[in-house]
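K.L.:
Pasting in a structure now, in structure tokens, and then I'll have a few things to ask.
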Amino acid sequence: MGEMRRQLMKWPLAVTATAFHRYVWPIDEEQDLPPCQSLEGRFWDVAWMFHAAVKGTVPARQLDPCNLLFDFYCIVADPALSSNETIDATAGSRPEECGS
């Protein structure tokens with residue numbers, strides 16, 4: 001994660017266990033991840049979208065000095081939606097092939 005610090009973050013980034021296990025590592029075993037996905041890649045995607053929200057390059061809403069809401073697409077293992085989640089009907093139901 002040193003690469004992330006060099007490229008994106010001026011300060012350390014913390015993720016709650018709930019968010020980590022829902023969006024970054026929702027699968028019990030690495031071999032169960034969707035094709036072409038990894039723990040590092042999924043974490044990078046969430047951190048990149050946070051960075052873009054902070055920079056203002058994607059829409060975000062600051063709730064207070066410590067909480068920023070931003071949107072991102074994510075494949076999750078549990079199909080039940082949390083209160084902060086929606087399903088995008090325009091998104092594909094299956095991941096595209098690697099490199100597409």
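How things are named: the first chain in the structure tokens is A, the next is B, and so on; residues count from 1 in each chain; ligands count from 1 in the order shown.
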Name the residues in contact with region 74-85 of chain A at a cut-off of 9 Å, using only C-alpha atoms, excluding same-chain residues fewer than 4 positions from it; report them as a ChimeraX atom specification.

P.N.:
/A:22-27,34,42,46,95

K.L.:
Show which residues sit within 12 Å of Asp45 (chain A), as a ChimeraX atom specification. Count only C-alpha atoms, and ignore same-chain residues fewer than 2 positions away.

P.N.:
/A:4,8,23-24,37-43,47-52,71-75

K.L.:
Determine, counting only C-alpha atoms, which protein, DNA and RNA residues have an atom within 8 Å of an atom of Pro59 (chain A); residues of the same chain fewer than 3 positions away are not included. Present the result as a ChimeraX atom specification.

P.N.:
/A:53,56,70-71
